[in-house]
>>> print(open('protein_2.pdb').read())   # PDB, C-alpha atoms and all ligand atoms
ATOM      1  CA  MET P   1     -80.843  38.066-100.821  1.00  0.00           C
ATOM      2  CA  ASN P   2     -82.681  36.666 -97.813  1.00  0.00           C
ATOM      3  CA  LEU P   3     -80.923  35.790 -94.585  1.00  0.00           C
ATOM      4  CA  ASN P   4     -80.815  32.029 -95.207  1.00  0.00           C
ATOM      5  CA  ALA P   5     -79.360  32.483 -98.688  1.00  0.00           C
ATOM      6  CA  GLY P   6     -76.812  34.888 -97.246  1.00  0.00           C
ATOM      7  CA  ILE P   7     -75.771  32.415 -94.550  1.00  0.00           C
ATOM      8  CA  ALA P   8     -75.516  29.627 -97.117  1.00  0.00           C
ATOM      9  CA  LYS P   9     -73.365  31.786 -99.376  1.00  0.00           C
ATOM     10  CA  THR P  10     -71.150  32.817 -96.465  1.00  0.00           C
ATOM     11  CA  GLY P  11     -70.830  29.167 -95.450  1.00  0.00           C
ATOM     12  CA  LYS P  12     -69.710  28.143 -98.930  1.00  0.00           C
ATOM     13  CA  LEU P  13     -67.211  30.984 -98.996  1.00  0.00           C
ATOM     14  CA  SER P  14     -65.838  29.918 -95.611  1.00  0.00           C
ATOM     15  CA  LEU P  15     -65.471  26.349 -96.829  1.00  0.00           C
ATOM     16  CA  LEU P  16     -63.632  27.599 -99.900  1.00  0.00           C
ATOM     17  CA  VAL P  17     -61.287  29.700 -97.767  1.00  0.00           C
ATOM     18  CA  VAL P  18     -60.625  26.785 -95.402  1.00  0.00           C
ATOM     19  CA  GLY P  19     -60.076  24.473 -98.376  1.00  0.00           C
ATOM     20  CA  LEU P  20     -57.582  26.849 -99.942  1.00  0.00           C
ATOM     21  CA  ALA P  21     -55.773  27.234 -96.616  1.00  0.00           C
ATOM     22  CA  VAL P  22     -55.480  23.445 -96.236  1.00  0.00           C
ATOM     23  CA  LEU P  23     -54.269  23.121 -99.825  1.00  0.00           C
ATOM     24  CA  SER P  24     -51.662  25.847 -99.305  1.00  0.00           C
ATOM     25  CA  THR P  25     -50.448  24.130 -96.151  1.00  0.00           C
ATOM     26  CA  LEU P  26     -50.154  20.807 -97.961  1.00  0.00           C
ATOM     27  CA  ILE P  27     -48.185  22.418-100.765  1.00  0.00           C
ATOM     28  CA  LEU P  28     -45.913  24.140 -98.254  1.00  0.00           C
ATOM     29  CA  VAL P  29     -45.341  20.971 -96.224  1.00  0.00           C
ATOM     30  CA  ALA P  30     -44.813  18.562 -99.106  1.00  0.00           C
ATOM     31  CA  GLY P  31     -44.981  20.486-102.322  1.00  0.00           C
ATOM     32  CA  PRO P  32     -44.627  18.982-105.771  1.00  0.00           C
ATOM     33  CA  ALA P  33     -40.987  20.071-105.905  1.00  0.00           C
ATOM     34  CA  ASP P  34     -40.174  18.181-102.710  1.00  0.00           C
ATOM     35  CA  ALA P  35     -42.037  15.108-103.855  1.00  0.00           C
ATOM     36  CA  ALA P  36     -40.087  15.068-107.106  1.00  0.00           C
ATOM     37  CA  LYS P  37     -36.843  15.715-105.248  1.00  0.00           C
ATOM     38  CA  CYS P  38     -37.340  12.676-103.078  1.00  0.00           C
ATOM     39  CA  LEU P  39     -37.977  10.052-105.693  1.00  0.00           C
ATOM     40  CA  PRO P  40     -35.588   7.172-104.962  1.00  0.00           C
ATOM     41  CA  THR P  41     -32.248   7.582-106.715  1.00  0.00           C
ATOM     42  CA  PRO P  42     -32.127   5.092-109.595  1.00  0.00           C
ATOM     43  CA  TRP P  43     -29.794   2.158-109.363  1.00  0.00           C
ATOM     44  CA  ASP P  44     -26.913   1.913-111.780  1.00  0.00           C
ATOM     45  CA  GLU P  45     -24.337  -0.773-112.537  1.00  0.00           C
ATOM     46  CA  ILE P  46     -21.742  -1.590-109.885  1.00  0.00           C
ATOM     47  CA  GLY P  47     -19.246  -2.635-112.597  1.00  0.00           C
ATOM     48  CA  PRO P  48     -16.219  -4.843-111.960  1.00  0.00           C
ATOM     49  CA  PHE P  49     -14.003  -2.358-110.117  1.00  0.00           C
ATOM     50  CA  TYR P  50     -15.664  -2.024-106.735  1.00  0.00           C
ATOM     51  CA  ARG P  51     -13.335  -2.805-103.828  1.00  0.00           C
ATOM     52  CA  PRO P  52     -14.524  -2.695-100.193  1.00  0.00           C
ATOM     53  CA  ASN P  53     -12.825  -0.829 -97.352  1.00  0.00           C
ATOM     54  CA  ALA P  54     -11.821   2.321 -99.208  1.00  0.00           C
ATOM     55  CA  PRO P  55     -10.047   4.783 -96.872  1.00  0.00           C
ATOM     56  CA  VAL P  56     -12.174   7.369 -95.097  1.00  0.00           C
ATOM     57  CA  ARG P  57     -11.283  10.681 -96.726  1.00  0.00           C
ATOM     58  CA  SER P  58     -12.938  13.690 -98.314  1.00  0.00           C
ATOM     59  CA  SER P  59     -10.479  14.380-101.111  1.00  0.00           C
ATOM     60  CA  ILE P  60      -9.229  12.128-103.899  1.00  0.00           C
ATOM     61  CA  GLY P  61      -8.332  14.773-106.460  1.00  0.00           C
ATOM     62  CA  LYS P  62      -8.805  18.368-107.488  1.00  0.00           C
ATOM     63  CA  GLY P  63     -11.066  20.264-109.858  1.00  0.00           C
ATOM     64  CA  TYR P  64     -14.451  18.669-109.236  1.00  0.00           C
ATOM     65  CA  LEU P  65     -16.617  19.013-106.156  1.00  0.00           C
ATOM     66  CA  LEU P  66     -19.407  16.517-105.676  1.00  0.00           C
ATOM     67  CA  SER P  67     -21.843  17.110-102.852  1.00  0.00           C
ATOM     68  CA  GLY P  68     -25.410  16.465-101.857  1.00  0.00           C
ATOM     69  CA  THR P  69     -27.711  15.180 -99.170  1.00  0.00           C
ATOM     70  CA  VAL P  70     -28.691  11.633 -98.311  1.00  0.00           C
ATOM     71  CA  ARG P  71     -32.468  11.560 -97.857  1.00  0.00           C
ATOM     72  CA  SER P  72     -35.348   9.223 -97.211  1.00  0.00           C
ATOM     73  CA  SER P  73     -37.796   8.694-100.038  1.00  0.00           C
ATOM     74  CA  ARG P  74     -40.565   8.477 -97.434  1.00  0.00           C
ATOM     75  CA  ASP P  75     -40.507  12.105 -96.364  1.00  0.00           C
ATOM     76  CA  CYS P  76     -37.334  13.730 -97.729  1.00  0.00           C
ATOM     77  CA  SER P  77     -35.797  13.753 -94.259  1.00  0.00           C
ATOM     78  CA  PRO P  78     -31.982  13.719 -94.151  1.00  0.00           C
ATOM     79  CA  ILE P  79     -30.229  10.504 -93.141  1.00  0.00           C
ATOM     80  CA  SER P  80     -27.333  11.292 -90.861  1.00  0.00           C
ATOM     81  CA  GLY P  81     -24.364   8.952 -90.693  1.00  0.00           C
ATOM     82  CA  ALA P  82     -25.064   7.218 -94.012  1.00  0.00           C
ATOM     83  CA  ARG P  83     -21.939   5.489 -95.317  1.00  0.00           C
ATOM     84  CA  ILE P  84     -20.984   6.384 -98.864  1.00  0.00           C
ATOM     85  CA  GLU P  85     -18.284   4.643-100.856  1.00  0.00           C
ATOM     86  CA  ILE P  86     -16.986   6.288-104.000  1.00  0.00           C
ATOM     87  CA  TRP P  87     -14.770   4.881-106.736  1.00  0.00           C
ATOM     88  CA  GLN P  88     -13.791   6.192-110.142  1.00  0.00           C
ATOM     89  CA  THR P  89     -10.952   6.388-112.612  1.00  0.00           C
ATOM     90  CA  GLY P  90      -8.155   8.908-112.210  1.00  0.00           C
ATOM     91  CA  PRO P  91      -7.153  11.378-114.911  1.00  0.00           C
ATOM     92  CA  GLY P  92      -5.387   8.552-116.792  1.00  0.00           C
ATOM     93  CA  GLY P  93      -8.625   6.605-117.145  1.00  0.00           C
ATOM     94  CA  GLN P  94      -7.612   3.725-114.842  1.00  0.00           C
ATOM     95  CA  TYR P  95      -9.286   2.583-111.643  1.00  0.00           C
ATOM     96  CA  ASP P  96      -6.808   2.702-108.775  1.00  0.00           C
ATOM     97  CA  ASP P  97      -6.704   2.897-104.986  1.00  0.00           C
ATOM     98  CA  ALA P  98      -5.988   6.628-105.084  1.00  0.00           C
ATOM     99  CA  HIS P  99      -9.477   7.265-106.429  1.00  0.00           C
ATOM    100  CA  ARG P 100     -11.552   5.417-103.861  1.00  0.00           C
ATOM    101  CA  ALA P 101     -13.006   6.883-100.685  1.00  0.00           C
ATOM    102  CA  THR P 102     -15.443   6.214 -97.882  1.00  0.00           C
ATOM    103  CA  LEU P 103     -17.461   9.136 -96.518  1.00  0.00           C
ATOM    104  CA  PHE P 104     -20.098   9.543 -93.842  1.00  0.00           C
ATOM    105  CA  ALA P 105     -23.026  11.915 -94.178  1.00  0.00           C
ATOM    106  CA  ASP P 106     -23.077  14.559 -91.443  1.00  0.00           C
ATOM    107  CA  ARG P 107     -25.950  15.155 -89.031  1.00  0.00           C
ATOM    108  CA  ARG P 108     -27.891  16.933 -91.749  1.00  0.00           C
ATOM    109  CA  GLY P 109     -27.322  14.084 -94.183  1.00  0.00           C
ATOM    110  CA  ARG P 110     -24.833  16.086 -96.224  1.00  0.00           C
ATOM    111  CA  TYR P 111     -21.766  14.689 -97.918  1.00  0.00           C
ATOM    112  CA  ARG P 112     -19.008  16.324 -99.921  1.00  0.00           C
ATOM    113  CA  ILE P 113     -15.979  15.040-101.791  1.00  0.00           C
ATOM    114  CA  GLU P 114     -13.302  16.850-103.705  1.00  0.00           C
ATOM    115  CA  THR P 115     -12.182  14.864-106.704  1.00  0.00           C
ATOM    116  CA  VAL P 116     -11.224  15.071-110.342  1.00  0.00           C
ATOM    117  CA  ALA P 117     -13.768  14.660-113.133  1.00  0.00           C
ATOM    118  CA  PRO P 118     -12.871  11.270-114.592  1.00  0.00           C
ATOM    119  CA  PRO P 119     -12.438  11.023-118.341  1.00  0.00           C
ATOM    120  CA  GLY P 120     -14.950   9.054-120.358  1.00  0.00           C
ATOM    121  CA  TYR P 121     -13.713   5.990-122.182  1.00  0.00           C
ATOM    122  CA  GLY P 122     -15.054   3.844-125.001  1.00  0.00           C
ATOM    123  CA  GLN P 123     -18.822   4.056-124.999  1.00  0.00           C
ATOM    124  CA  ARG P 124     -18.897   5.188-121.391  1.00  0.00           C
ATOM    125  CA  PRO P 125     -19.293   8.842-120.441  1.00  0.00           C
ATOM    126  CA  SER P 126     -17.472  10.305-117.453  1.00  0.00           C
ATOM    127  CA  HIS P 127     -18.930   8.743-114.312  1.00  0.00           C
ATOM    128  CA  ILE P 128     -18.383   8.308-110.579  1.00  0.00           C
ATOM    129  CA  HIS P 129     -19.643   5.192-108.792  1.00  0.00           C
ATOM    130  CA  LEU P 130     -21.367   5.500-105.432  1.00  0.00           C
ATOM    131  CA  LEU P 131     -22.514   2.867-102.963  1.00  0.00           C
ATOM    132  CA  VAL P 132     -24.681   4.056-100.076  1.00  0.00           C
ATOM    133  CA  ASP P 133     -25.662   2.155 -96.970  1.00  0.00           C
ATOM    134  CA  ALA P 134     -27.663   3.346 -93.979  1.00  0.00           C
ATOM    135  CA  LYS P 135     -29.352   1.520 -91.128  1.00  0.00           C
ATOM    136  CA  GLY P 136     -33.046   1.037 -91.808  1.00  0.00           C
ATOM    137  CA  PHE P 137     -32.783   1.701 -95.533  1.00  0.00           C
ATOM    138  CA  GLU P 138     -32.202  -0.386 -98.607  1.00  0.00           C
ATOM    139  CA  GLY P 139     -28.681  -0.055 -99.932  1.00  0.00           C
ATOM    140  CA  LEU P 140     -28.118   1.893-103.108  1.00  0.00           C
ATOM    141  CA  ILE P 141     -25.554   1.482-105.864  1.00  0.00           C
ATOM    142  CA  THR P 142     -25.604   4.245-108.420  1.00  0.00           C
ATOM    143  CA  GLN P 143     -23.462   6.487-110.604  1.00  0.00           C
ATOM    144  CA  HIS P 144     -23.064  10.228-111.010  1.00  0.00           C
ATOM    145  CA  TYR P 145     -22.331  11.579-114.498  1.00  0.00           C
ATOM    146  CA  PRO P 146     -20.347  14.826-114.442  1.00  0.00           C
ATOM    147  CA  LYS P 147     -21.311  17.230-117.202  1.00  0.00           C
ATOM    148  CA  HIS P 148     -18.526  18.278-119.524  1.00  0.00           C
ATOM    149  CA  GLY P 149     -16.760  21.443-118.363  1.00  0.00           C
ATOM    150  CA  LYS P 150     -18.517  21.619-114.998  1.00  0.00           C
ATOM    151  CA  LYS P 151     -16.466  21.945-111.823  1.00  0.00           C
ATOM    152  CA  LYS P 152     -19.083  20.898-109.326  1.00  0.00           C
ATOM    153  CA  ALA P 153     -22.396  19.157-108.987  1.00  0.00           C
ATOM    154  CA  SER P 154     -25.074  18.496-106.432  1.00  0.00           C
ATOM    155  CA  PHE P 155     -26.253  14.895-106.346  1.00  0.00           C
ATOM    156  CA  ASP P 156     -28.753  13.922-103.657  1.00  0.00           C
ATOM    157  CA  LEU P 157     -28.913  10.250-102.727  1.00  0.00           C
ATOM    158  CA  VAL P 158     -32.469   9.207-101.906  1.00  0.00           C
ATOM    159  CA  LEU P 159     -32.830   5.859-100.151  1.00  0.00           C
ATOM    160  CA  VAL P 160     -35.895   3.663 -99.768  1.00  0.00           C
ATOM    161  CA  PRO P 161     -36.820   2.627 -96.218  1.00  0.00           C
ATOM    162  CA  GLU P 162     -36.095  -1.044 -95.674  1.00  0.00           C
ATOM    163  CA  TRP P 163     -38.996  -3.479 -95.512  1.00  0.00           C
ATOM    164  CA  LYS P 164     -39.479  -5.419 -92.333  1.00  0.00           C
ATOM    165  CA  ASP P 165     -38.425  -9.072 -92.427  1.00  0.00           C
ATOM    166  CA  ASP P 166     -41.983 -10.312 -92.541  1.00  0.00           C
ATOM    167  CA  GLU P 167     -42.890  -8.056 -95.455  1.00  0.00           C
ATOM    168  CA  LYS P 168     -40.174  -8.503 -98.045  1.00  0.00           C
ATOM    169  CA  PRO P 169     -36.466  -9.317 -98.086  1.00  0.00           C
ATOM    170  CA  GLY P 170     -34.366  -6.170 -97.794  1.00  0.00           C
ATOM    171  CA  GLY P 171     -32.060  -5.284-100.664  1.00  0.00           C
ATOM    172  CA  ARG P 172     -28.955  -4.789 -98.584  1.00  0.00           C
ATOM    173  CA  VAL P 173     -25.858  -3.745-100.443  1.00  0.00           C
ATOM    174  CA  ASP P 174     -23.898  -6.600 -98.868  1.00  0.00           C
ATOM    175  CA  GLU P 175     -26.170  -9.052-100.634  1.00  0.00           C
ATOM    176  CA  VAL P 176     -25.878  -7.251-103.928  1.00  0.00           C
ATOM    177  CA  ILE P 177     -22.103  -7.164-104.051  1.00  0.00           C
ATOM    178  CA  ARG P 178     -21.433 -10.781-103.242  1.00  0.00           C
ATOM    179  CA  PRO P 179     -19.313 -12.509-105.876  1.00  0.00           C
ATOM    180  CA  GLY P 180     -21.455 -13.520-108.809  1.00  0.00           C
ATOM    181  CA  LYS P 181     -23.861 -10.667-108.301  1.00  0.00           C
ATOM    182  CA  THR P 182     -21.893  -8.126-110.300  1.00  0.00           C
ATOM    183  CA  ARG P 183     -22.417  -7.673-113.997  1.00  0.00           C
ATOM    184  CA  PRO P 184     -19.116  -6.912-115.694  1.00  0.00           C
ATOM    185  CA  GLY P 185     -19.195  -5.213-119.059  1.00  0.00           C
ATOM    186  CA  LYS P 186     -20.356  -1.777-118.089  1.00  0.00           C
ATOM    187  CA  HIS P 187     -18.042  -0.117-115.628  1.00  0.00           C
TER
HETATM  188 FE    FE P 201     -17.013   2.617-114.097  1.00  0.00          FE
END
>>> encode(input="protein_2.pdb", output="structure tokens")
Amino acid sequence: MNLNAGIAKTGKLSLLVVGLAVLSTLILVAGPADAAKCLPTPWDEIGPFYRPNAPVRSSIGKGYLLSGTVRSSRDCSPISGARIEIWQTGPGGQYDDAHRATLFADRRGRYRIETVAPPGYGQRPSHIHLLVDAKGFEGLITQHYPKHGKKKASFDLVLVPEWKDDEKPGGRVDEVIRPGKTRPGKH
């Protein structure tokens, strides 16, 4: 191998090493797992039983612990102070004031509520309704579906950053839950 060929080969090798290092860094910073984890949480029906102004509390029952982190879909960063409203049926299968709560995500975006796994009814599996609102993000209305026999679950709530006024109307929760906007039937 002459000197020029050797230098060229070394150069290619260096480029390969640098390329691999950059790739590794990218995977470490925003790996595929993180990207998948921060897909926006899908919307689900609000149903007819939402009531505003649920009391602020972290326990509405016993036997099922629901927790998770509120995050931004932009970069997975936690959203501190997000307001989360929860409503569900009690053990008897009825919606009532005892099974509603308002929570606030802590400084790391985490939330936690102690509750009871609601029974399923009719065609509907066991489910817990959640409404999430945070400054600078589109509101989210969704549902968590406890798995049969499980006593806890982790359910991250990933919000989409709100568009600026001149880009697109924001999908604020307050607009969504105005009378006439709900779709009774699935609750
Ligand atoms: Fe429901």
>>> residues_around(input="protein_2.pdb", residues="Gly90 in chain P", least_positions_apart="2", cutoff="8 Å", atoms="all atoms listed in the file", output="number ranges by chain")
P: 88, 92-96, 98-99, 116, 118-119
>>> atom_distance(input="protein_2.pdb", atom1="CA of Asn53 in chain P", atom2="CA of Asp133 in chain P")
13.2 Å
>>> residues_around(input="protein_2.pdb", residues="range 152-164 of chain P", least_positions_apart="2", cutoff="8 Å", atoms="all atoms listed in the file", output="ChimeraX atom specification")
/P:38-41,64-74,76,132,136-140,144,146,150,166-171
>>> residues_near_ligand(input="protein_2.pdb", ligand="ligand FE 201 (chain P)", cutoff="10 Å", atoms="all atoms listed in the file", output="list in words")
Glu45, Ile46, Gly47, Pro48, Phe49, Tyr50, Trp87, Gln88, Thr89, Gly93, Gln94, Tyr95, Pro118, Gly120, Tyr121, Arg124, Pro125, Ser126, His127, Ile128, His129, Gln143, Pro184, Gly185, Lys186 and His187 of chain P
>>> closest_residue(input="protein_2.pdb", among="P:Glu114, P:Glu85, P:Asp97, P:Lys147", to="Leu130 in chain P", atoms="all atoms listed in the file")
P:Glu85
>>> atom_distance(input="protein_2.pdb", atom1="CA of Arg110 in chain P", atom2="CA of Pro78 in chain P")
7.8 Å
>>> residues_around(input="protein_2.pdb", residues="Ala105 in chain P", least_positions_apart="3", cutoff="8 Å", atoms="only C-alpha atoms", output="list in words")
Thr69, Val70, Ile79, Ser80, Gly81, Ala82, Arg83, Ile84, Arg108, Gly109, Arg110 and Tyr111 of chain P
>>> atom_distance(input="protein_2.pdb", atom1="CA of Ala101 in chain P", atom2="CA of Asp75 in chain P")
28.3 Å
>>> closest_residue(input="protein_2.pdb", among="P:Arg100, P:Ala54, P:Ala117, P:Gly63", to="His148 in chain P", atoms="all atoms listed in the file")
P:Ala117
>>> resolve_selection(input="protein_2.pdb", expression="the PyMOL selection byres (((chain P and resi 58) around 10) and not hetatm)", output="CSV table (one decimal) with C-alpha atoms, keeping the file's coordinate frame")
chain,number,residue,atom,x,y,z
P,55,PRO,CA,-10.0,4.8,-96.9
P,56,VAL,CA,-12.2,7.4,-95.1
P,57,ARG,CA,-11.3,10.7,-96.7
P,59,SER,CA,-10.5,14.4,-101.1
P,60,ILE,CA,-9.2,12.1,-103.9
P,61,GLY,CA,-8.3,14.8,-106.5
P,101,ALA,CA,-13.0,6.9,-100.7
P,102,THR,CA,-15.4,6.2,-97.9
P,103,LEU,CA,-17.5,9.1,-96.5
P,104,PHE,CA,-20.1,9.5,-93.8
P,111,TYR,CA,-21.8,14.7,-97.9
P,112,ARG,CA,-19.0,16.3,-99.9
P,113,ILE,CA,-16.0,15.0,-101.8
P,114,GLU,CA,-13.3,16.8,-103.7
P,115,THR,CA,-12.2,14.9,-106.7
